[in-house]
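K.L.:
Below is the file query.pdb, which contains PDB, C-alpha atoms.
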```
ATOM      1  CA  MET A   1     -96.288   9.528 -80.843
ATOM      2  CA  THR A   2     -99.620   9.284 -82.603
ATOM      3  CA  THR A   3    -100.421   6.271 -84.728
ATOM      4  CA  MET A   4    -100.694   7.286 -88.372
ATOM      5  CA  ALA A   5    -103.340   5.334 -90.233
ATOM      6  CA  PRO A   6    -102.638   4.212 -93.766
ATOM      7  CA  ALA A   7    -104.909   5.779 -96.398
ATOM      8  CA  PHE A   8    -107.848   3.744 -97.681
ATOM      9  CA  ASP A   9    -106.621   4.001-101.280
ATOM     10  CA  SER A  10    -103.098   2.936-100.348
ATOM     11  CA  VAL A  11    -104.033  -0.454 -98.869
ATOM     12  CA  SER A  12    -104.987  -3.609-100.752
ATOM     13  CA  ILE A  13    -106.702  -6.839 -99.885
ATOM     14  CA  GLY A  14    -103.975  -9.260 -98.866
ATOM     15  CA  ASP A  15    -101.759  -6.633 -97.243
ATOM     16  CA  MET A  16    -100.297  -7.703 -93.893
ATOM     17  CA  LEU A  17    -100.170  -5.507 -90.802
ATOM     18  CA  PRO A  18     -96.828  -5.237 -89.003
ATOM     19  CA  MET A  19     -96.651  -8.290 -86.717
ATOM     20  CA  LEU A  20     -96.519  -8.172 -82.940
ATOM     21  CA  SER A  21     -94.348 -10.782 -81.193
ATOM     22  CA  LEU A  22     -94.663 -11.338 -77.467
ATOM     23  CA  PRO A  23     -92.115 -12.757 -75.032
ATOM     24  CA  PRO A  24     -92.750 -16.324 -73.800
ATOM     25  CA  LEU A  25     -95.759 -16.450 -71.448
ATOM     26  CA  THR A  26     -94.793 -16.427 -67.755
ATOM     27  CA  ARG A  27     -96.734 -16.948 -64.536
ATOM     28  CA  ALA A  28     -95.897 -13.367 -63.572
ATOM     29  CA  MET A  29     -97.650 -12.109 -66.732
ATOM     30  CA  LEU A  30    -100.772 -14.074 -65.790
ATOM     31  CA  VAL A  31    -100.776 -12.786 -62.197
ATOM     32  CA  LEU A  32    -100.409  -9.216 -63.438
ATOM     33  CA  TYR A  33    -103.182  -9.614 -66.008
ATOM     34  CA  ALA A  34    -105.472 -11.256 -63.432
ATOM     35  CA  GLU A  35    -105.054  -8.228 -61.188
ATOM     36  CA  ALA A  36    -105.347  -5.631 -63.955
ATOM     37  CA  SER A  37    -108.378  -7.241 -65.564
ATOM     38  CA  GLY A  38    -110.189  -8.141 -62.352
ATOM     39  CA  ASP A  39    -110.832 -11.668 -63.636
ATOM     40  CA  PRO A  40    -111.243 -13.688 -60.407
ATOM     41  CA  ASN A  41    -110.950 -17.153 -62.013
ATOM     42  CA  PRO A  42    -108.094 -18.911 -60.136
ATOM     43  CA  ILE A  43    -107.500 -21.355 -63.008
ATOM     44  CA  HIS A  44    -105.172 -18.721 -64.520
ATOM     45  CA  ILE A  45    -102.948 -18.229 -61.474
ATOM     46  CA  ASP A  46    -103.281 -21.234 -59.136
ATOM     47  CA  VAL A  47    -101.752 -24.445 -60.468
ATOM     48  CA  ASP A  48    -103.657 -26.574 -57.915
ATOM     49  CA  VAL A  49    -106.982 -25.275 -59.215
ATOM     50  CA  ALA A  50    -105.851 -25.740 -62.819
ATOM     51  CA  ARG A  51    -104.841 -29.378 -62.168
ATOM     52  CA  ALA A  52    -108.096 -30.105 -60.355
ATOM     53  CA  ALA A  53    -109.859 -28.936 -63.543
ATOM     54  CA  GLY A  54    -107.835 -31.408 -65.612
ATOM     55  CA  MET A  55    -105.259 -28.956 -66.966
ATOM     56  CA  PRO A  56    -101.502 -29.657 -66.868
ATOM     57  CA  ASP A  57    -100.798 -26.113 -65.656
ATOM     58  CA  VAL A  58    -102.314 -22.637 -65.405
ATOM     59  CA  LEU A  59    -103.531 -21.266 -68.725
ATOM     60  CA  ALA A  60    -103.616 -17.774 -70.157
ATOM     61  CA  HIS A  61    -106.715 -15.600 -70.056
ATOM     62  CA  GLY A  62    -108.175 -15.542 -73.553
ATOM     63  CA  MET A  63    -108.709 -11.819 -73.060
ATOM     64  CA  LEU A  64    -104.950 -11.301 -72.568
ATOM     65  CA  LEU A  65    -104.371 -12.618 -76.078
ATOM     66  CA  MET A  66    -107.236 -10.477 -77.351
ATOM     67  CA  ALA A  67    -105.623  -7.437 -75.689
ATOM     68  CA  TRP A  68    -102.393  -8.218 -77.576
ATOM     69  CA  LEU A  69    -104.410  -8.344 -80.806
ATOM     70  CA  GLY A  70    -105.848  -4.964 -79.807
ATOM     71  CA  ARG A  71    -102.272  -3.630 -79.626
ATOM     72  CA  LEU A  72    -101.613  -5.076 -83.089
ATOM     73  CA  LEU A  73    -104.577  -3.082 -84.436
ATOM     74  CA  THR A  74    -103.941   0.195 -82.610
ATOM     75  CA  GLN A  75    -100.277   0.261 -83.622
ATOM     76  CA  TRP A  76    -101.499   0.169 -87.238
ATOM     77  CA  ALA A  77    -104.387   2.649 -87.002
ATOM     78  CA  PRO A  78    -105.599   5.025 -84.277
ATOM     79  CA  GLN A  79    -107.971   3.407 -81.795
ATOM     80  CA  ARG A  80    -110.673   6.006 -82.476
ATOM     81  CA  ASP A  81    -111.036   4.481 -85.960
ATOM     82  CA  LEU A  82    -111.679   0.960 -84.657
ATOM     83  CA  ARG A  83    -115.343   0.134 -85.280
ATOM     84  CA  GLU A  84    -115.643  -3.564 -84.496
ATOM     85  CA  PHE A  85    -113.350  -6.232 -83.067
ATOM     86  CA  GLY A  86    -114.291  -9.845 -82.397
ATOM     87  CA  VAL A  87    -112.472 -13.096 -81.726
ATOM     88  CA  ARG A  88    -112.994 -16.770 -81.095
ATOM     89  CA  PHE A  89    -110.784 -18.560 -78.580
ATOM     90  CA  SER A  90    -109.839 -21.795 -80.303
ATOM     91  CA  ALA A  91    -107.050 -23.296 -78.185
ATOM     92  CA  MET A  92    -105.641 -22.801 -74.710
ATOM     93  CA  THR A  93    -102.303 -21.073 -74.177
ATOM     94  CA  PHE A  94     -99.897 -22.270 -71.487
ATOM     95  CA  VAL A  95     -96.853 -20.906 -69.663
ATOM     96  CA  GLY A  96     -93.750 -20.966 -71.868
ATOM     97  CA  GLU A  97     -95.578 -20.529 -75.161
ATOM     98  CA  ARG A  98     -94.386 -17.718 -77.400
ATOM     99  CA  ILE A  99     -97.252 -15.911 -79.144
ATOM    100  CA  THR A 100     -97.191 -13.922 -82.350
ATOM    101  CA  CYS A 101    -100.073 -11.689 -83.459
ATOM    102  CA  SER A 102    -100.728 -11.092 -87.134
ATOM    103  CA  GLY A 103    -103.310  -9.301 -89.230
ATOM    104  CA  ARG A 104    -104.219  -9.249 -92.916
ATOM    105  CA  ILE A 105    -106.612  -7.063 -94.877
ATOM    106  CA  VAL A 106    -109.355  -9.305 -96.257
ATOM    107  CA  ASP A 107    -111.992  -6.777 -97.397
ATOM    108  CA  LYS A 108    -112.531  -3.102 -98.195
ATOM    109  CA  GLN A 109    -115.996  -1.544 -98.130
ATOM    110  CA  GLU A 110    -117.846   1.738 -98.003
ATOM    111  CA  ARG A 111    -120.604   1.586 -95.408
ATOM    112  CA  ASP A 112    -122.636   4.300 -93.637
ATOM    113  CA  GLY A 113    -120.510   6.978 -95.302
ATOM    114  CA  GLU A 114    -117.270   5.478 -94.012
ATOM    115  CA  ARG A 115    -114.460   3.673 -95.818
ATOM    116  CA  LEU A 116    -113.651   0.528 -93.901
ATOM    117  CA  ALA A 117    -111.026  -2.194 -94.052
ATOM    118  CA  LYS A 118    -111.706  -5.631 -92.625
ATOM    119  CA  ILE A 119    -108.687  -7.170 -90.920
ATOM    120  CA  GLU A 120    -108.425 -10.874 -90.190
ATOM    121  CA  VAL A 121    -106.438 -11.262 -86.976
ATOM    122  CA  LYS A 122    -104.890 -14.309 -85.358
ATOM    123  CA  THR A 123    -102.459 -15.405 -82.687
ATOM    124  CA  MET A 124    -100.230 -18.448 -83.065
ATOM    125  CA  ASN A 125     -97.500 -20.119 -81.047
ATOM    126  CA  ASP A 126     -94.076 -21.044 -82.412
ATOM    127  CA  ALA A 127     -95.408 -24.376 -83.659
ATOM    128  CA  GLY A 128     -98.026 -22.576 -85.771
ATOM    129  CA  GLU A 129    -100.940 -23.646 -83.556
ATOM    130  CA  LEU A 130    -103.833 -21.184 -83.800
ATOM    131  CA  LYS A 131    -104.908 -19.800 -80.433
ATOM    132  CA  VAL A 132    -107.240 -16.904 -81.170
ATOM    133  CA  VAL A 133    -108.775 -15.956 -84.512
ATOM    134  CA  GLY A 134    -111.012 -13.042 -85.317
ATOM    135  CA  ASP A 135    -111.616  -9.942 -87.331
ATOM    136  CA  ALA A 136    -111.788  -6.188 -86.991
ATOM    137  CA  TRP A 137    -113.306  -3.343 -88.996
ATOM    138  CA  ILE A 138    -111.257  -0.165 -89.095
ATOM    139  CA  CYS A 139    -112.256   3.152 -90.660
ATOM    140  CA  LEU A 140    -109.609   4.528 -93.026
ATOM    141  CA  HIS A 141    -109.460   8.026 -94.474
TER     142      HIS A 141
ATOM    143  CA  MET B   1    -102.104 -41.857 -62.352
ATOM    144  CA  ARG B   2    -102.605 -38.413 -63.793
ATOM    145  CA  ARG B   3    -103.394 -38.048 -67.473
ATOM    146  CA  HIS B   4    -101.612 -35.226 -69.264
ATOM    147  CA  VAL B   5    -103.606 -34.866 -72.447
ATOM    148  CA  VAL B   6    -104.668 -31.228 -72.486
ATOM    149  CA  PRO B   7    -105.154 -28.804 -74.335
ATOM    150  CA  ARG B   8    -107.996 -30.877 -75.798
ATOM    151  CA  LEU B   9    -111.180 -30.747 -73.757
ATOM    152  CA  PRO B  10    -112.006 -33.881 -71.773
ATOM    153  CA  GLU B  11    -114.893 -36.044 -72.946
ATOM    154  CA  TRP B  12    -118.108 -35.638 -70.986
ATOM    155  CA  LYS B  13    -121.157 -37.854 -70.617
ATOM    156  CA  LEU B  14    -124.355 -36.517 -72.109
ATOM    157  CA  SER B  15    -127.415 -36.066 -69.967
ATOM    158  CA  GLY B  16    -129.921 -34.113 -72.041
ATOM    159  CA  THR B  17    -130.465 -30.400 -72.325
ATOM    160  CA  ILE B  18    -127.847 -28.466 -70.419
ATOM    161  CA  ILE B  19    -129.520 -25.089 -69.853
ATOM    162  CA  ASP B  20    -133.146 -24.041 -69.611
ATOM    163  CA  ALA B  21    -133.940 -22.241 -72.888
ATOM    164  CA  ASN B  22    -136.306 -19.958 -70.950
ATOM    165  CA  GLN B  23    -133.165 -18.129 -69.862
ATOM    166  CA  ILE B  24    -133.057 -16.451 -73.306
ATOM    167  CA  GLY B  25    -134.002 -12.820 -72.863
ATOM    168  CA  ARG B  26    -133.265 -12.732 -69.155
ATOM    169  CA  VAL B  27    -132.028  -9.298 -68.129
ATOM    170  CA  ILE B  28    -129.018  -9.039 -65.835
ATOM    171  CA  PRO B  29    -129.233  -6.106 -63.379
ATOM    172  CA  PRO B  30    -127.183  -3.160 -64.715
ATOM    173  CA  HIS B  31    -124.209  -1.780 -62.834
ATOM    174  CA  SER B  32    -121.832   1.157 -63.172
ATOM    175  CA  ALA B  33    -118.062   1.509 -62.867
ATOM    176  CA  ASP B  34    -115.512   4.314 -63.082
ATOM    177  CA  VAL B  35    -112.712   4.363 -65.646
ATOM    178  CA  GLU B  36    -109.711   5.128 -63.450
ATOM    179  CA  ALA B  37    -106.373   6.356 -64.817
ATOM    180  CA  GLY B  38    -104.367   4.145 -62.445
ATOM    181  CA  ARG B  39    -106.308   1.082 -63.522
ATOM    182  CA  LEU B  40    -105.676   1.943 -67.181
ATOM    183  CA  ARG B  41    -101.937   2.201 -66.499
ATOM    184  CA  LEU B  42    -101.984  -1.155 -64.708
ATOM    185  CA  PHE B  43    -103.871  -2.696 -67.638
ATOM    186  CA  ALA B  44    -101.354  -1.213 -70.091
ATOM    187  CA  ARG B  45     -98.486  -2.718 -68.104
ATOM    188  CA  ALA B  46    -100.228  -6.107 -67.885
ATOM    189  CA  THR B  47    -100.713  -6.238 -71.648
ATOM    190  CA  GLY B  48     -97.154  -5.163 -72.485
ATOM    191  CA  GLU B  49     -98.255  -1.765 -73.773
ATOM    192  CA  THR B  50     -95.370   0.721 -73.836
ATOM    193  CA  ARG B  51     -96.704   3.596 -75.984
ATOM    194  CA  PRO B  52     -96.834   6.815 -73.933
ATOM    195  CA  GLU B  53    -100.344   7.746 -75.115
ATOM    196  CA  TYR B  54    -101.652   4.734 -73.118
ATOM    197  CA  LEU B  55     -99.514   5.428 -70.040
ATOM    198  CA  ASP B  56     -99.100   9.173 -69.615
ATOM    199  CA  ASP B  57    -101.800  11.864 -69.406
ATOM    200  CA  ASP B  58     -99.757  14.519 -71.194
ATOM    201  CA  ALA B  59     -98.781  12.137 -73.983
ATOM    202  CA  ALA B  60    -102.430  11.097 -74.344
ATOM    203  CA  ARG B  61    -103.513  14.743 -74.740
ATOM    204  CA  ALA B  62    -100.662  15.401 -77.165
ATOM    205  CA  ALA B  63    -102.002  12.491 -79.224
ATOM    206  CA  GLY B  64    -105.433  14.144 -79.406
ATOM    207  CA  HIS B  65    -107.203  12.361 -76.533
ATOM    208  CA  ARG B  66    -109.007  14.249 -73.779
ATOM    209  CA  ALA B  67    -107.475  11.911 -71.154
ATOM    210  CA  LEU B  68    -105.895   8.450 -71.016
ATOM    211  CA  PRO B  69    -107.824   6.244 -73.469
ATOM    212  CA  ALA B  70    -109.289   2.887 -72.435
ATOM    213  CA  PRO B  71    -107.790   0.221 -74.761
ATOM    214  CA  PRO B  72    -110.175  -1.764 -76.997
ATOM    215  CA  THR B  73    -110.718  -4.761 -74.726
ATOM    216  CA  PHE B  74    -110.624  -2.916 -71.379
ATOM    217  CA  LEU B  75    -114.411  -2.445 -71.280
ATOM    218  CA  LEU B  76    -114.890  -6.084 -70.398
ATOM    219  CA  CYS B  77    -112.737  -5.640 -67.274
ATOM    220  CA  LEU B  78    -115.115  -3.027 -65.890
ATOM    221  CA  ASP B  79    -118.054  -5.326 -66.572
ATOM    222  CA  LEU B  80    -116.413  -7.640 -63.998
ATOM    223  CA  GLU B  81    -116.562  -4.905 -61.314
ATOM    224  CA  VAL B  82    -119.408  -6.465 -59.344
ATOM    225  CA  PRO B  83    -119.303  -8.595 -56.181
ATOM    226  CA  ASP B  84    -119.739 -11.835 -58.165
ATOM    227  CA  PRO B  85    -118.996 -11.308 -61.882
ATOM    228  CA  PHE B  86    -120.029 -14.874 -62.702
ATOM    229  CA  ALA B  87    -123.376 -14.751 -60.865
ATOM    230  CA  TRP B  88    -125.254 -14.594 -64.195
ATOM    231  CA  ILE B  89    -123.745 -18.017 -64.997
ATOM    232  CA  SER B  90    -124.565 -19.709 -61.688
ATOM    233  CA  GLU B  91    -128.082 -18.227 -61.840
ATOM    234  CA  MET B  92    -128.633 -20.337 -64.973
ATOM    235  CA  GLY B  93    -127.900 -23.426 -62.896
ATOM    236  CA  VAL B  94    -124.452 -23.782 -64.453
ATOM    237  CA  ASP B  95    -121.298 -24.576 -62.473
ATOM    238  CA  VAL B  96    -118.762 -21.868 -63.328
ATOM    239  CA  ALA B  97    -116.010 -24.514 -63.315
ATOM    240  CA  ARG B  98    -117.612 -26.037 -66.428
ATOM    241  CA  VAL B  99    -117.505 -22.783 -68.393
ATOM    242  CA  LEU B 100    -114.971 -21.565 -70.940
ATOM    243  CA  HIS B 101    -114.792 -18.220 -72.694
ATOM    244  CA  GLY B 102    -115.565 -19.078 -76.308
ATOM    245  CA  GLY B 103    -115.462 -15.671 -77.935
ATOM    246  CA  GLU B 104    -115.863 -11.952 -77.508
ATOM    247  CA  ARG B 105    -116.936  -9.175 -79.863
ATOM    248  CA  PHE B 106    -116.978  -5.408 -79.411
ATOM    249  CA  ARG B 107    -118.657  -2.711 -81.483
ATOM    250  CA  TYR B 108    -117.417   0.802 -80.756
ATOM    251  CA  PHE B 109    -119.473   3.980 -81.112
ATOM    252  CA  ALA B 110    -117.545   6.547 -79.051
ATOM    253  CA  PRO B 111    -114.175   6.663 -77.277
ATOM    254  CA  VAL B 112    -113.831   5.928 -73.561
ATOM    255  CA  TYR B 113    -111.410   7.873 -71.370
ATOM    256  CA  ALA B 114    -110.154   7.990 -67.789
ATOM    257  CA  GLY B 115    -112.718   9.898 -65.738
ATOM    258  CA  ASP B 116    -115.714   8.412 -67.551
ATOM    259  CA  ARG B 117    -118.356   6.487 -65.628
ATOM    260  CA  LEU B 118    -119.815   3.573 -67.562
ATOM    261  CA  THR B 119    -123.043   1.648 -67.108
ATOM    262  CA  PHE B 120    -123.266  -1.972 -68.248
ATOM    263  CA  SER B 121    -126.681  -3.414 -69.170
ATOM    264  CA  SER B 122    -126.661  -7.085 -70.129
ATOM    265  CA  ARG B 123    -129.086  -9.751 -71.202
ATOM    266  CA  ILE B 124    -128.918 -13.406 -72.218
ATOM    267  CA  ALA B 125    -129.261 -13.034 -75.984
ATOM    268  CA  ASP B 126    -129.124 -16.641 -77.094
ATOM    269  CA  ILE B 127    -128.564 -20.219 -75.989
ATOM    270  CA  LEU B 128    -127.444 -22.768 -78.560
ATOM    271  CA  GLN B 129    -127.481 -26.449 -77.712
ATOM    272  CA  LYS B 130    -128.144 -29.686 -79.494
ATOM    273  CA  LYS B 131    -129.537 -32.778 -77.842
ATOM    274  CA  THR B 132    -126.636 -34.741 -79.310
ATOM    275  CA  SER B 133    -123.961 -32.273 -78.309
ATOM    276  CA  ARG B 134    -121.851 -32.239 -75.188
ATOM    277  CA  LYS B 135    -121.698 -28.471 -75.128
ATOM    278  CA  ALA B 136    -123.993 -25.467 -74.956
ATOM    279  CA  PHE B 137    -123.192 -21.955 -76.094
ATOM    280  CA  VAL B 138    -124.580 -18.992 -74.182
ATOM    281  CA  VAL B 139    -124.460 -15.508 -75.698
ATOM    282  CA  LYS B 140    -124.564 -12.480 -73.398
ATOM    283  CA  GLU B 141    -125.005  -9.035 -74.946
ATOM    284  CA  THR B 142    -124.096  -5.873 -73.089
ATOM    285  CA  ASP B 143    -124.770  -2.214 -73.885
ATOM    286  CA  VAL B 144    -122.197   0.187 -72.459
ATOM    287  CA  THR B 145    -123.242   3.805 -71.927
ATOM    288  CA  ASN B 146    -121.252   6.688 -70.449
ATOM    289  CA  GLN B 147    -122.143   9.377 -67.892
ATOM    290  CA  HIS B 148    -123.738  11.501 -70.640
ATOM    291  CA  GLY B 149    -126.081   8.692 -71.672
ATOM    292  CA  VAL B 150    -124.107   8.095 -74.876
ATOM    293  CA  LYS B 151    -123.856   4.471 -75.937
ATOM    294  CA  VAL B 152    -120.122   3.920 -76.345
ATOM    295  CA  ALA B 153    -120.003   0.214 -77.146
ATOM    296  CA  GLU B 154    -121.765  -3.111 -77.407
ATOM    297  CA  MET B 155    -120.161  -6.312 -76.184
ATOM    298  CA  ARG B 156    -121.153  -9.824 -77.148
ATOM    299  CA  ALA B 157    -119.662 -12.626 -75.074
ATOM    300  CA  THR B 158    -119.982 -16.302 -75.960
ATOM    301  CA  ILE B 159    -119.380 -18.825 -73.223
ATOM    302  CA  VAL B 160    -119.098 -22.556 -73.719
ATOM    303  CA  VAL B 161    -120.697 -24.786 -71.108
ATOM    304  CA  ARG B 162    -119.285 -28.296 -70.946
ATOM    305  CA  GLU B 163    -121.691 -31.035 -69.963
ATOM    306  CA  PRO B 164    -120.727 -32.649 -66.619
TER     307      PRO B 164
END
```
Take the structure in this file and express it as structure tokens.
P.N.:
Amino acid sequence: MTTMAPAFDSVSIGDMLPMLSLPPLTRAMLVLYAEASGDPNPIHIDVDVARAAGMPDVLAHGMLLMAWLGRLLTQWAPQRDLREFGVRFSAMTFVGERITCSGRIVDKQERDGERLAKIEVKTMNDAGELKVVGDAWICLH
Amino acid sequence: MRRHVVPRLPEWKLSGTIIDANQIGRVIPPHSADVEAGRLRLFARATGETRPEYLDDDAARAAGHRALPAPPTFLLCLDLEVPDPFAWISEMGVDVARVLHGGERFRYFAPVYAGDRLTFSSRIADILQKKTSRKAFVVKETDVTNQHGVKVAEMRATIVVREP
């Protein structure tokens, strides 16, 4: 099934994208992402290394949460219309945390002959703690 | 006794400038990597992706792609396809154990599909540090071009270096 993008004229600043909720983070998810991404940092999969670095446990790859935000965006509009996507990693995410991804339209602009919507994206845990915040520009038609 | 106070960063003692500012502008040797369909499927599984257009060649073509598409953040994975992906950090005199990923930004110019071969050309774009701060920020910019010489994306990584 192809993602159908909303029309530029049909969206308004303040509109929310459909949310994306993830299952609680497990060690297996981190091992799988470590392998798929090729990130060799053992702090994400080896609890001994994580503790030696002062962490209570292994922590999630920031890029795993960014990949989930990517899914949030591409389930709303086709990936070919994604122009820019950036995030800041503001807090660490640990095993057991349940992450929700959300997005909100914060700007609409015409630029370089394209009609673009700016989406503010963020991930939070159940307690409302911000983990990753960022923005994306998507071309709408 | 072990302290369990994370996720806040530990406090570090300050000992002057963390990274030589002459590193700004340093070019990291380019490298190339193939976008493999199997790797894309593994990445889809690892990120919980279940839509057929990211998992199945036929479904991808039916959705208008010429092959399996590389998801938005996958490009960074292929930039790690070198013998030591963190060499550019240690070459600045920084212990990789003191580094955190602070942020990442992509700009997209053309789609990337299974079967493409990408070349990654990076440079140290900026180093931000204050004498009074316990952290430095290093910005690495990367141009990604495909086998036809088309620039498909730019990546901008920010890493945070904690003072030992």
K.L.:
If you apply the PyMOL selection byres ((chain A and resi 103-114) around 6) to this file, what residues do you get, as a list in words?
P.N.:
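Checking the PyMOL selection byres ((chain A and resi 103-114) around 6) against this file, the residues are Ile13, Gly14, Asp15, Met16, Leu17, Ser102, Arg115, Leu116, Ala117, Lys118, Ile119, Glu120 and Val121 of chain A.
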K.L.:
Which residues, named as in the file, does the PyMOL selection byres ((chain A) within 8 of (chain B)) pick out? Answer as number ranges by chain.
P.N.:
A: 1-2, 29, 32-33, 36-39, 53-56, 62-64, 66-68, 70-71, 79-80, 82-92
K.L.:
Can you give me, as a PDB file with C-alpha atoms, in the coordinates of the input, the residues this file yields under the PyMOL selection byres ((chain B and resi 121) around 6)?
P.N.:
```pdb
ATOM      1  CA  PRO B  30    -127.183  -3.160 -64.715  1.00  0.00           C
ATOM      2  CA  PHE B 120    -123.266  -1.972 -68.248  1.00  0.00           C
ATOM      3  CA  SER B 122    -126.661  -7.085 -70.129  1.00  0.00           C
ATOM      4  CA  THR B 142    -124.096  -5.873 -73.089  1.00  0.00           C
ATOM      5  CA  ASP B 143    -124.770  -2.214 -73.885  1.00  0.00           C
TER       6      ASP B 143
END
```
K.L.:
With all atoms listed in the file as the counted atoms, please give the residues lying no more than 7 Å from A:Thr100, apart from itself and same-chain residues fewer than 2 positions off, as a PyMOL selection string.
P.N.:
chain A and resi 20-22+98+102+123-125
K.L.:
In Å, with one decimal, what is the gap from atom CA of A:Ser12 to atom CA of A:Gly134?
P.N.:
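Spanning atom CA of A:Ser12 to atom CA of A:Gly134 is a straight-line distance of 19.1 Å.
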K.L.:
Return the single residue from B:Val35, B:Val160, B:Ile124, B:Ala114 that is closest to B:Ala21, with distances computed using all atoms listed in the file.
P.N.:
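Checking each candidate against B:Ala21, we get B:Ile124 as the closest.
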K.L.:
Of the candidates B:Ile19, B:Ala125, B:Leu118, B:Ala87, which one gets nearest to B:Lys140 if we count all atoms listed in the file?
P.N.:
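Closest residue, counting all atoms listed in the file: B:Ala125.
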K.L.:
Stretch 45-48 of chain A, all listed atoms, 6 Å padding on each side: what axis-aligned box centre and edge lengths in Å to one decimal come out, as lines of an AutoDock Vina configuration file?
P.N.:
```
center_x = -102.7
center_y = -22.4
center_z = -59.7
size_x = 13.9
size_y = 20.3
size_z = 15.6
```
K.L.:
State, in Å with one decimal place, the distance from atom CA of B:Ile24 to atom CA of B:Asp126.
P.N.:
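Result for atom CA of B:Ile24 versus atom CA of B:Asp126: 5.5 Å, one decimal.
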K.L.:
Atom CA of A:Glu97 and atom CA of A:Trp76, how far apart in Å?
P.N.:
24.7 Å
K.L.:
Return the single residue from A:Ile99, A:Ala127, A:Ala50, A:Ala77 that is closest to A:Cys139, with distances computed using all atoms listed in the file.
P.N.:
A:Ala77
